[in-house]
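J.: File follows, target-v8.tsv with TSV, C-alpha atoms:
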```tsv
chain	number	residue	atom	x	y	z
A	1	MET	CA	30.06	-117.05	157.42
A	2	PRO	CA	33.05	-117.86	155.24
A	3	GLU	CA	34.14	-121.22	153.94
A	4	PRO	CA	37.59	-122.55	154.93
A	5	THR	CA	40.47	-123.27	152.66
A	6	ALA	CA	42.30	-126.59	152.53
A	7	PHE	CA	45.08	-126.89	155.04
A	8	THR	CA	47.30	-129.21	156.99
A	9	ASN	CA	46.69	-128.59	160.66
A	10	ARG	CA	48.18	-129.55	163.94
A	11	PHE	CA	45.87	-129.89	166.86
A	12	THR	CA	45.71	-131.00	170.45
A	13	SER	CA	43.17	-133.53	171.66
A	14	ARG	CA	42.76	-135.52	174.84
A	15	ARG	CA	44.61	-138.34	173.10
A	16	GLY	CA	47.73	-136.23	172.69
A	17	LEU	CA	49.26	-134.56	169.64
A	18	LEU	CA	47.75	-135.63	166.36
A	19	PHE	CA	48.33	-134.54	162.79
A	20	GLY	CA	45.70	-134.47	160.08
A	21	THR	CA	44.74	-133.14	156.68
A	22	ALA	CA	41.20	-134.48	156.48
A	23	ALA	CA	38.70	-132.16	154.83
A	24	VAL	CA	35.32	-133.10	153.47
A	25	SER	CA	32.41	-131.36	151.77
A	26	ALA	CA	29.17	-132.93	152.90
A	27	GLY	CA	25.48	-132.38	152.38
A	28	ALA	CA	24.20	-134.97	154.84
A	29	LEU	CA	27.40	-136.61	156.07
A	30	LEU	CA	26.39	-136.15	159.69
A	31	ALA	CA	22.98	-137.71	159.72
A	32	GLY	CA	24.67	-138.66	162.95
A	33	CYS	CA	28.17	-139.45	164.10
A	34	THR	CA	27.05	-141.64	166.94
A	35	SER	CA	23.76	-141.91	168.74
A	36	ASN	CA	21.69	-143.80	171.19
A	37	ASP	CA	18.20	-143.00	172.36
A	38	SER	CA	15.71	-140.71	170.61
A	39	SER	CA	13.15	-138.42	172.21
A	40	ASP	CA	10.43	-136.18	170.85
A	41	ASP	CA	11.85	-132.76	169.92
A	42	GLU	CA	10.56	-129.91	167.79
A	43	ALA	CA	13.94	-128.72	166.46
A	44	ALA	CA	14.59	-129.50	162.84
A	45	ALA	CA	17.74	-131.54	163.28
A	46	ASN	CA	16.04	-134.07	165.46
A	47	ASP	CA	13.93	-135.36	162.61
A	48	GLN	CA	17.20	-136.68	161.21
A	49	THR	CA	17.97	-140.11	162.63
A	50	ALA	CA	21.48	-140.50	163.97
A	51	ALA	CA	23.55	-143.63	163.39
A	52	GLU	CA	22.66	-146.33	165.89
A	53	ASP	CA	25.19	-146.74	168.66
A	54	LYS	CA	25.12	-147.57	172.33
A	55	PRO	CA	25.67	-144.80	174.87
A	56	GLY	CA	29.33	-144.18	175.58
A	57	LYS	CA	31.51	-142.09	177.83
A	58	GLN	CA	29.77	-139.12	179.43
A	59	VAL	CA	30.71	-135.91	177.61
A	60	THR	CA	30.17	-132.33	178.74
A	61	ILE	CA	29.93	-129.98	175.76
A	62	GLY	CA	30.24	-126.23	176.18
A	63	PHE	CA	28.30	-124.23	173.57
A	64	ALA	CA	28.90	-120.52	172.94
A	65	GLY	CA	27.18	-118.58	170.18
A	66	PRO	CA	26.27	-114.98	169.39
A	67	GLN	CA	23.03	-113.32	170.40
A	68	ALA	CA	20.05	-114.87	168.62
A	69	ASP	CA	18.92	-111.62	166.97
A	70	HIS	CA	18.07	-113.27	163.65
A	71	GLY	CA	15.85	-116.23	162.81
A	72	TRP	CA	18.81	-118.27	161.58
A	73	LEU	CA	20.85	-117.67	164.74
A	74	ASN	CA	17.91	-118.59	166.95
A	75	ALA	CA	17.58	-121.82	164.97
A	76	ILE	CA	21.29	-122.50	165.58
A	77	ASN	CA	20.72	-122.41	169.34
A	78	ASP	CA	17.57	-124.51	169.13
A	79	ASN	CA	19.26	-127.16	167.00
A	80	ALA	CA	22.21	-127.43	169.38
A	81	LYS	CA	20.02	-127.76	172.48
A	82	SER	CA	17.60	-130.22	170.94
A	83	ARG	CA	20.34	-132.41	169.48
A	84	ALA	CA	22.10	-132.65	172.83
A	85	LYS	CA	18.86	-133.85	174.44
A	86	LYS	CA	18.90	-136.88	172.17
A	87	TYR	CA	21.99	-138.22	173.90
A	88	SER	CA	21.83	-139.69	177.39
A	89	ASP	CA	25.63	-139.41	177.57
A	90	VAL	CA	25.83	-135.66	176.75
A	91	THR	CA	25.56	-132.71	179.12
A	92	LEU	CA	25.28	-129.33	177.39
A	93	GLU	CA	26.61	-126.19	179.06
A	94	ILE	CA	25.19	-123.37	176.92
A	95	THR	CA	25.95	-119.67	177.32
A	96	GLU	CA	23.44	-116.85	176.98
A	97	GLY	CA	24.98	-115.65	173.73
A	98	SER	CA	26.33	-112.18	172.97
A	99	ASN	CA	27.36	-110.04	170.01
A	100	ASP	CA	29.86	-108.27	172.27
A	101	THR	CA	33.19	-109.99	171.63
A	102	ALA	CA	34.53	-109.29	175.12
A	103	ALA	CA	31.41	-110.79	176.69
A	104	GLN	CA	31.58	-113.88	174.49
A	105	ILE	CA	35.27	-114.34	175.26
A	106	GLY	CA	34.41	-114.19	178.96
A	107	GLN	CA	31.68	-116.79	178.51
A	108	ILE	CA	34.07	-119.14	176.72
A	109	GLU	CA	36.74	-118.65	179.36
A	110	THR	CA	34.15	-119.61	181.99
A	111	LEU	CA	33.50	-122.85	180.06
A	112	ILE	CA	37.25	-123.49	179.88
A	113	ASN	CA	37.55	-122.98	183.64
A	114	LYS	CA	34.70	-125.45	184.14
A	115	LYS	CA	36.86	-127.94	182.22
A	116	VAL	CA	34.20	-129.00	179.75
A	117	ASP	CA	35.29	-131.91	177.57
A	118	VAL	CA	34.67	-130.20	174.21
A	119	LEU	CA	33.73	-126.69	173.08
A	120	VAL	CA	31.40	-125.73	170.22
A	121	VAL	CA	31.82	-122.07	169.30
A	122	LEU	CA	30.01	-119.91	166.76
A	123	PRO	CA	31.96	-116.69	167.23
A	124	ALA	CA	30.33	-113.30	166.88
A	125	ASP	CA	33.63	-112.34	165.24
A	126	GLY	CA	35.98	-115.14	164.18
A	127	LYS	CA	39.09	-112.95	164.14
A	128	ALA	CA	38.41	-111.42	167.55
A	129	LEU	CA	37.78	-114.79	169.21
A	130	THR	CA	40.74	-116.66	167.72
A	131	GLN	CA	42.85	-116.26	170.85
A	132	VAL	CA	40.26	-117.80	173.16
A	133	GLY	CA	39.94	-120.71	170.73
A	134	LEU	CA	43.70	-121.18	170.97
A	135	LYS	CA	43.46	-120.98	174.75
A	136	ALA	CA	40.94	-123.82	174.83
A	137	MET	CA	42.97	-126.00	172.48
A	138	ARG	CA	46.13	-125.43	174.53
A	139	ALA	CA	44.17	-126.41	177.64
A	140	GLY	CA	43.42	-129.76	175.99
A	141	ILE	CA	39.80	-128.92	175.15
A	142	PRO	CA	39.03	-129.66	171.47
A	143	VAL	CA	37.07	-126.91	169.73
A	144	VAL	CA	34.42	-127.39	167.07
A	145	ASN	CA	34.39	-124.05	165.22
A	146	LEU	CA	30.88	-123.47	163.89
A	147	ASP	CA	30.42	-121.44	160.70
A	148	ARG	CA	32.29	-118.15	161.30
A	149	ILE	CA	35.86	-119.31	161.11
A	150	PHE	CA	38.76	-118.48	163.40
A	151	ASN	CA	41.88	-116.91	161.87
A	152	THR	CA	43.99	-120.02	162.29
A	153	PRO	CA	43.23	-123.74	162.20
A	154	GLN	CA	45.31	-124.06	165.36
A	155	ALA	CA	42.33	-122.54	167.21
A	156	TYR	CA	39.99	-125.42	166.38
A	157	ARG	CA	40.00	-129.18	165.90
A	158	CYS	CA	37.17	-129.18	163.37
A	159	TRP	CA	35.34	-126.52	161.37
A	160	ILE	CA	31.78	-127.09	160.16
A	161	GLY	CA	29.72	-124.53	158.31
A	162	GLY	CA	27.80	-123.45	155.25
A	163	ASP	CA	28.87	-122.65	151.71
A	164	ASN	CA	28.15	-119.04	150.83
A	165	TYR	CA	29.72	-119.25	147.39
A	166	GLY	CA	27.72	-122.43	146.79
A	167	MET	CA	24.50	-120.62	147.72
A	168	GLY	CA	25.05	-118.08	144.97
A	169	LEU	CA	26.23	-120.72	142.53
A	170	ASN	CA	23.18	-122.92	143.00
A	171	ALA	CA	20.78	-119.96	142.95
A	172	GLY	CA	22.31	-118.82	139.68
A	173	HIS	CA	22.10	-122.26	138.10
A	174	TYR	CA	18.47	-122.68	139.19
A	175	ILE	CA	17.47	-119.33	137.72
A	176	GLY	CA	19.57	-119.92	134.59
A	177	GLU	CA	17.86	-123.23	133.93
A	178	LYS	CA	14.40	-121.73	134.46
A	179	LEU	CA	15.19	-118.96	131.95
A	180	LYS	CA	17.08	-121.14	129.49
A	181	GLY	CA	14.51	-120.82	126.72
A	182	LYS	CA	14.04	-117.07	127.06
A	183	SER	CA	16.07	-114.63	124.97
A	184	ASN	CA	17.50	-111.52	126.63
A	185	ALA	CA	16.42	-112.63	130.11
A	186	ARG	CA	16.98	-110.07	132.86
A	187	VAL	CA	17.69	-110.86	136.51
A	188	ILE	CA	18.19	-108.72	139.61
A	189	GLU	CA	19.82	-109.41	142.98
A	190	LEU	CA	18.81	-108.34	146.50
A	191	ALA	CA	22.01	-108.92	148.47
A	192	GLY	CA	22.83	-108.79	152.16
A	193	LEU	CA	25.24	-106.48	153.96
A	194	ASP	CA	28.00	-105.54	151.55
A	195	ASN	CA	30.63	-105.17	154.28
A	196	LEU	CA	30.41	-108.91	155.03
A	197	GLU	CA	32.61	-111.40	153.21
A	198	LEU	CA	29.73	-113.87	153.05
A	199	THR	CA	27.69	-111.41	150.96
A	200	LYS	CA	30.55	-111.01	148.51
A	201	GLN	CA	30.88	-114.78	148.24
A	202	ARG	CA	27.17	-115.23	147.55
A	203	THR	CA	27.28	-112.60	144.83
A	204	GLN	CA	30.42	-114.08	143.28
A	205	GLY	CA	28.87	-117.53	143.13
A	206	PHE	CA	25.72	-116.11	141.53
A	207	ASP	CA	27.70	-114.17	138.93
A	208	ASP	CA	29.86	-117.20	138.11
A	209	ALA	CA	26.80	-119.39	137.58
A	210	LEU	CA	25.17	-116.86	135.24
A	211	LYS	CA	28.24	-116.98	132.99
A	212	ASN	CA	26.94	-120.37	131.86
A	213	TYR	CA	23.79	-118.77	130.46
A	214	PRO	CA	24.62	-116.22	127.74
A	215	ASN	CA	20.93	-115.36	127.35
A	216	VAL	CA	20.72	-114.17	130.98
A	217	LYS	CA	21.99	-110.78	132.13
A	218	LYS	CA	22.05	-109.34	135.65
A	219	VAL	CA	20.74	-105.81	135.27
A	220	ALA	CA	20.61	-104.61	138.89
A	221	ARG	CA	21.90	-105.35	142.37
A	222	GLN	CA	20.86	-103.76	145.66
A	223	ALA	CA	22.35	-104.46	149.10
A	224	ALA	CA	20.00	-104.80	152.09
A	225	GLU	CA	20.76	-105.60	155.75
A	226	PHE	CA	19.36	-109.09	156.43
A	227	THR	CA	16.27	-107.56	158.06
A	228	VAL	CA	12.59	-107.50	157.12
A	229	GLU	CA	12.55	-103.69	157.09
A	230	SER	CA	15.58	-103.32	154.84
A	231	GLY	CA	14.29	-106.04	152.53
A	232	GLN	CA	11.04	-104.17	152.03
A	233	ALA	CA	12.69	-100.77	151.49
A	234	LYS	CA	15.41	-101.98	149.13
A	235	MET	CA	13.05	-104.19	147.15
A	236	ALA	CA	10.69	-101.24	146.65
A	237	GLN	CA	13.61	-99.30	145.19
A	238	LEU	CA	14.51	-102.15	142.87
A	239	LEU	CA	10.94	-102.51	141.63
A	240	GLN	CA	10.74	-98.82	140.87
A	241	ALA	CA	14.08	-98.78	139.05
A	242	GLN	CA	13.50	-102.05	137.15
A	243	PRO	CA	9.97	-102.26	135.72
A	244	ASN	CA	10.82	-105.35	133.66
A	245	PHE	CA	12.85	-108.38	134.78
A	246	ASP	CA	12.43	-112.15	134.81
A	247	ALA	CA	13.98	-113.35	138.06
A	248	LEU	CA	15.16	-112.15	141.47
A	249	TRP	CA	17.66	-113.73	143.81
A	250	ASN	CA	17.33	-112.62	147.42
A	251	HIS	CA	20.23	-113.60	149.70
A	252	ASP	CA	18.23	-114.08	152.90
A	253	ASP	CA	14.74	-115.35	153.71
A	254	ASP	CA	14.30	-112.98	156.68
A	255	GLN	CA	14.82	-109.92	154.49
A	256	GLY	CA	12.77	-111.80	151.90
A	257	VAL	CA	9.69	-111.37	154.09
A	258	GLY	CA	10.03	-107.62	153.55
A	259	ALA	CA	10.84	-108.07	149.87
A	260	LEU	CA	7.64	-110.05	149.36
A	261	ARG	CA	5.65	-107.30	151.07
A	262	ALA	CA	7.07	-104.74	148.64
A	263	ILE	CA	6.32	-107.02	145.71
A	264	GLU	CA	2.72	-107.52	146.85
A	265	GLN	CA	2.26	-103.79	147.41
A	266	ALA	CA	3.51	-103.13	143.88
A	267	GLY	CA	1.13	-105.73	142.48
A	268	ARG	CA	3.93	-107.56	140.70
A	269	ASP	CA	3.80	-111.24	139.76
A	270	ASP	CA	5.66	-111.25	136.45
A	271	PHE	CA	8.93	-112.85	137.62
A	272	LEU	CA	10.22	-115.73	139.72
A	273	MET	CA	12.03	-115.29	143.02
A	274	VAL	CA	14.66	-117.47	144.71
A	275	GLY	CA	15.43	-116.95	148.39
A	276	GLY	CA	18.28	-117.93	150.67
A	277	ALA	CA	18.85	-119.73	153.99
A	278	GLY	CA	15.73	-121.91	154.47
A	279	ALA	CA	13.13	-120.15	156.62
A	280	LEU	CA	9.89	-121.95	157.40
A	281	SER	CA	7.89	-119.06	155.93
A	282	ALA	CA	9.76	-119.48	152.65
A	283	PHE	CA	9.08	-123.23	152.58
A	284	GLN	CA	5.39	-122.63	153.23
A	285	ALA	CA	5.16	-120.05	150.43
A	286	ILE	CA	6.97	-122.40	148.05
A	287	LYS	CA	4.58	-125.22	148.92
A	288	GLN	CA	1.50	-123.04	148.40
A	289	ASP	CA	2.95	-122.01	144.99
A	290	ASN	CA	0.64	-119.02	144.59
A	291	GLY	CA	3.25	-116.24	144.51
A	292	VAL	CA	6.58	-115.27	142.98
A	293	LEU	CA	8.73	-117.22	145.48
A	294	LYS	CA	9.51	-120.52	143.79
A	295	ALA	CA	12.66	-121.75	145.58
A	296	THR	CA	15.19	-121.04	148.30
A	297	VAL	CA	18.83	-122.08	148.62
A	298	LEU	CA	19.79	-123.57	151.98
A	299	TYR	CA	22.28	-122.35	154.53
A	300	PRO	CA	21.21	-125.01	157.01
A	301	PRO	CA	21.08	-124.21	160.75
A	302	THR	CA	21.11	-127.97	161.30
A	303	MET	CA	24.90	-127.51	161.21
A	304	ALA	CA	24.63	-126.78	164.95
A	305	ALA	CA	23.16	-130.24	165.55
A	306	SER	CA	25.95	-131.78	163.51
A	307	ALA	CA	28.45	-129.78	165.57
A	308	ILE	CA	27.04	-131.44	168.70
A	309	ASP	CA	27.46	-134.83	167.00
A	310	LEU	CA	31.07	-133.98	166.19
A	311	ALA	CA	31.76	-132.72	169.70
A	312	ARG	CA	30.34	-135.92	171.20
A	313	SER	CA	32.53	-138.00	168.90
A	314	LEU	CA	35.58	-135.96	169.92
A	315	GLY	CA	34.77	-136.43	173.59
A	316	GLN	CA	34.43	-140.17	173.08
A	317	THR	CA	37.45	-140.41	170.71
A	318	LYS	CA	35.31	-141.78	167.87
A	319	GLY	CA	35.25	-141.13	164.16
A	320	VAL	CA	32.30	-140.34	161.91
A	321	SER	CA	29.88	-143.08	160.98
A	322	GLY	CA	30.20	-143.86	157.28
A	323	LEU	CA	33.85	-142.84	156.96
A	324	ALA	CA	36.85	-145.18	157.22
A	325	GLU	CA	39.05	-142.78	159.21
A	326	TYR	CA	39.45	-143.17	162.96
A	327	GLU	CA	39.27	-139.39	163.48
A	328	ILE	CA	36.59	-136.88	162.56
A	329	PRO	CA	37.44	-134.60	159.58
A	330	ALA	CA	39.20	-131.28	160.07
A	331	SER	CA	36.69	-129.44	157.92
A	332	ILE	CA	33.10	-130.03	156.78
A	333	THR	CA	31.36	-127.74	154.30
A	334	LEU	CA	27.62	-128.28	154.06
A	335	TYR	CA	25.86	-128.38	150.71
A	336	SER	CA	23.57	-125.51	149.68
A	337	ALA	CA	20.62	-127.48	148.35
A	338	VAL	CA	17.90	-125.79	146.31
A	339	VAL	CA	14.42	-126.34	147.75
A	340	ASP	CA	11.44	-125.90	145.43
A	341	LYS	CA	7.94	-127.37	145.22
A	342	ASP	CA	9.32	-130.74	144.13
A	343	ASN	CA	11.27	-131.38	147.35
A	344	VAL	CA	9.93	-128.87	149.89
A	345	ASP	CA	8.12	-131.53	151.94
A	346	GLN	CA	11.45	-133.25	152.57
A	347	TYR	CA	12.96	-130.08	154.05
A	348	MET	CA	9.91	-128.59	155.78
A	349	SER	CA	10.95	-129.79	159.25
A	350	THR	CA	14.29	-127.99	158.93
A	351	GLY	CA	12.72	-124.57	158.32
A	352	PHE	CA	13.49	-121.94	160.95
A	353	LYS	CA	11.11	-119.25	162.23
```
Would you mind writing the file's structure down as structure tokens?

T.:
Amino acid sequence: MPEPTAFTNRFTSRRGLLFGTAAVSAGALLAGCTSNDSSDDEAAANDQTAAEDKPGKQVTIGFAGPQADHGWLNAINDNAKSRAKKYSDVTLEITEGSNDTAAQIGQIETLINKKVDVLVVLPADGKALTQVGLKAMRAGIPVVNLDRIFNTPQAYRCWIGGDNYGMGLNAGHYIGEKLKGKSNARVIELAGLDNLELTKQRTQGFDDALKNYPNVKKVARQAAEFTVESGQAKMAQLLQAQPNFDALWNHDDDQGVGALRAIEQAGRDDFLMVGGAGALSAFQAIKQDNGVLKATVLYPPTMAASAIDLARSLGQTKGVSGLAEYEIPASITLYSAVVDKDNVDQYMSTGFK
């Protein structure tokens, strides 16, 4: 789930060849690009009111994502489907989802052959799916690349995704501020899969933030696998190896469920914990405020709802509400907000299961 670099890109849209350099970092830029009617939905994104606008041209959006084998990925699908239902002028063609790159390429090619107006793609592997993104763009179908980025900006019209470096940075600053008055403070890190670039970015951001707090030292780091089971096993190892520390940053709330089990089994409550991503279970624990988990840093799945907003705007040749430009940006990086007991009620509806 990497973040893009700045670029000047050339892209094809239904209005012909256009050239743009627009890039924007936004926390809540897409409260809605355009909107019309609202309906009752359970998905998190639909609690966010879109900008008022009359229904426009009918747009068929093709959506292709990986298999929903993780709480966050399931929330991505739910947010996309529920957001599309809010628009009377949007038809969503959604694929089953697959982690097999060949299968996902085939699903996207089917959407291309159906001549959908816009594609939203969260690739199982950005590099492997770059060519099918290029194929869609060359066929005159604008692509909204969601989170995992293609190898070239020529394969998409707009990228929208999370900020992995920002997650680590904000987690580090939160912990640093909480430990500011403590001398020789010790922190540990429960990371995700080390072979993923996103894990490296989260760790780098965390380490960079801690440089601002000379009294805080990271004394241990253990990589897990973004699963409950690995979180429990790796956290148990950390607890045994580190009998004394003041704070823990866990990269992922799903593996955090396992980490909290290990902490409870060890009878430990002498440190604070910060999670990552924004699971509902984490929000609930933060609100109850009777355990070590005090905050989590968002990697919001509501980005899928915003991707639907962007796709609708592309299909209707509109810009983004609140910006002066006629075209939507080429890149949108979402903000990794820290959620603690002071603001958890605001974010509760966005929590994923």

J.: Could you give me the centre and size, in Å to one decimal, of an axis-aligned box around all listed atoms of region 185-188 of chain A with 6 Å added on every side, as JSON?

T.:
```
{"center_x": 17.3, "center_y": -110.7, "center_z": 134.9, "size_x": 13.8, "size_y": 15.9, "size_z": 21.5}
```

J.: Might you pull out every residue within 9 Å of Leu193 (chain A), with all atoms listed in the file counted and same-chain residues fewer than 3 positions away left off, and present them as number ranges by chain?

T.: A: 196-200, 223-226

J.: Can you measure CA of Val90 (chain A) to CA of Ala102 (chain A) for me? One decimal in Å is fine.

T.: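 One can read the CA of Val90 (chain A) to CA of Ala102 (chain A) distance as 27.8 Å.
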
J.: I want to know what sits within 9 Å of region 300-303 of chain A, based on all atoms listed in the file, with residues of the same chain fewer than 4 positions away left out; could you give that as number ranges by chain?

T.: A: 30, 43-46, 72-77, 79-80, 146-147, 160-162, 277-278, 307-308, 334-336, 350-352

J.: Go ahead and write the selection's residues with C-alpha atoms as a compact mmCIF listing (two decimals), keeping the file's coordinate frame.

T.:
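Now in selection20.txt:
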```
# COMPACT_ATOMS: atom_id res chain seq x y z
CA LEU A 30 26.39 -136.15 159.69
CA ALA A 43 13.94 -128.72 166.46
CA ALA A 44 14.59 -129.50 162.84
CA ALA A 45 17.74 -131.54 163.28
CA ASN A 46 16.04 -134.07 165.46
CA TRP A 72 18.81 -118.27 161.58
CA LEU A 73 20.85 -117.67 164.74
CA ASN A 74 17.91 -118.59 166.95
CA ALA A 75 17.58 -121.82 164.97
CA ILE A 76 21.29 -122.50 165.58
CA ASN A 77 20.72 -122.41 169.34
CA ASN A 79 19.26 -127.16 167.00
CA ALA A 80 22.21 -127.43 169.38
CA LEU A 146 30.88 -123.47 163.89
CA ASP A 147 30.42 -121.44 160.70
CA ILE A 160 31.78 -127.09 160.16
CA GLY A 161 29.72 -124.53 158.31
CA GLY A 162 27.80 -123.45 155.25
CA ALA A 277 18.85 -119.73 153.99
CA GLY A 278 15.73 -121.91 154.47
CA ALA A 307 28.45 -129.78 165.57
CA ILE A 308 27.04 -131.44 168.70
CA LEU A 334 27.62 -128.28 154.06
CA TYR A 335 25.86 -128.38 150.71
CA SER A 336 23.57 -125.51 149.68
CA THR A 350 14.29 -127.99 158.93
CA GLY A 351 12.72 -124.57 158.32
CA PHE A 352 13.49 -121.94 160.95
```

J.: Pick the closest to Val274 (chain A) from A:Lys294, A:His173, A:Lys318, A:Arg202: which is it, counting all atoms listed in the file?

T.: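 Closest to Val274 (chain A) of all the choices is A:Lys294.
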
J.: Using all atoms listed in the file - which residues lie no farther than 9 Å from the point (17.6, -120.5, 146.1) in the file's frame? Write them as a PyMOL selection string.

T.: chain A and resi 167-168+170-172+174-175+249-251+273-278+294-298+336-340

J.: Mind checking which residues fall within 12 Å of Gln131 (chain A), counting only C-alpha atoms, ignoring those fewer than 5 positions away in the same chain, and posting them as a list in words?

T.: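 Counting only C-alpha atoms, the residues come to Thr101, Ala102, Ile105, Gly106, Ile108, Glu109, Pro123, Asp125, Gly126, Ala136, Met137, Arg138, Phe150, Asn151, Thr152, Pro153, Gln154, Ala155 and Tyr156 of chain A.
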
J.: Write out as a PyMOL selection string the residues lying within 8 Å of region 62-68 of chain A, counting all atoms listed in the file and excluding same-chain residues fewer than 4 positions away.

T.: chain A and resi 72-74+77+92-99+104+107-108+111+116-124

J.: Go ahead and compute the interatomic distance for CA of Arg157 (chain A) and CA of Gly71 (chain A), in Å to one decimal.

T.: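 These two atoms are separated by 27.6 Å.
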
J.: Pick out the closest residue to Glu189 (chain A) from this set: A:Gln222, A:Ser281, A:Gln255, A:Ser321. Count all atoms listed in the file.

T.: A:Gln222

J.: Measuring atom to atom with all atoms listed in the file, identify which of A:Gln232, A:Gln201, A:Gln58, A:Gln242 is nearest to Asp254 (chain A).

T.: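 The closest residue to Asp254 (chain A) is A:Gln232.
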
J.: Find, counting only C-alpha atoms, the residue in A:Asn212, A:Leu190, A:Asp269, A:Leu260 that gets nearest to Leu238 (chain A).

T.: A:Leu190

J.: Which one of A:Ile328, A:Val228, A:Ala191, A:Leu169 sits closest to Arg312 (chain A) if you count all atoms listed in the file?

T.: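 For Arg312 (chain A), the nearest of the candidates is A:Ile328.
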
J.: In Å, rounded to a single decimal, give me how far CA of Gly315 (chain A) is from CA of Lys86 (chain A).

T.: 15.9 Å

J.: Using all atoms listed in the file, give me every residue within 12 Å of (34.8, -143.8, 168.3) in file coordinates, as a list in words.

T.: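 Output: Cys33, Thr34, Ser35, Asp53, Lys54, Pro55, Gly56, Lys57, Asp309, Leu310, Ala311, Arg312, Ser313, Leu314, Gly315, Gln316, Thr317, Lys318, Gly319, Val320, Ser321, Gly322, Leu323, Ala324, Glu325, Tyr326, Glu327 and Ile328 of chain A.
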
J.: Out of A:Val219, A:Gly133, A:Ser183, A:Lys178, which residue has the shortest atom-to-atom distance to Cys158 (chain A) when counting only C-alpha atoms?

T.: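 Once distances to Cys158 (chain A) are computed over only C-alpha atoms, the minimum belongs to A:Gly133.
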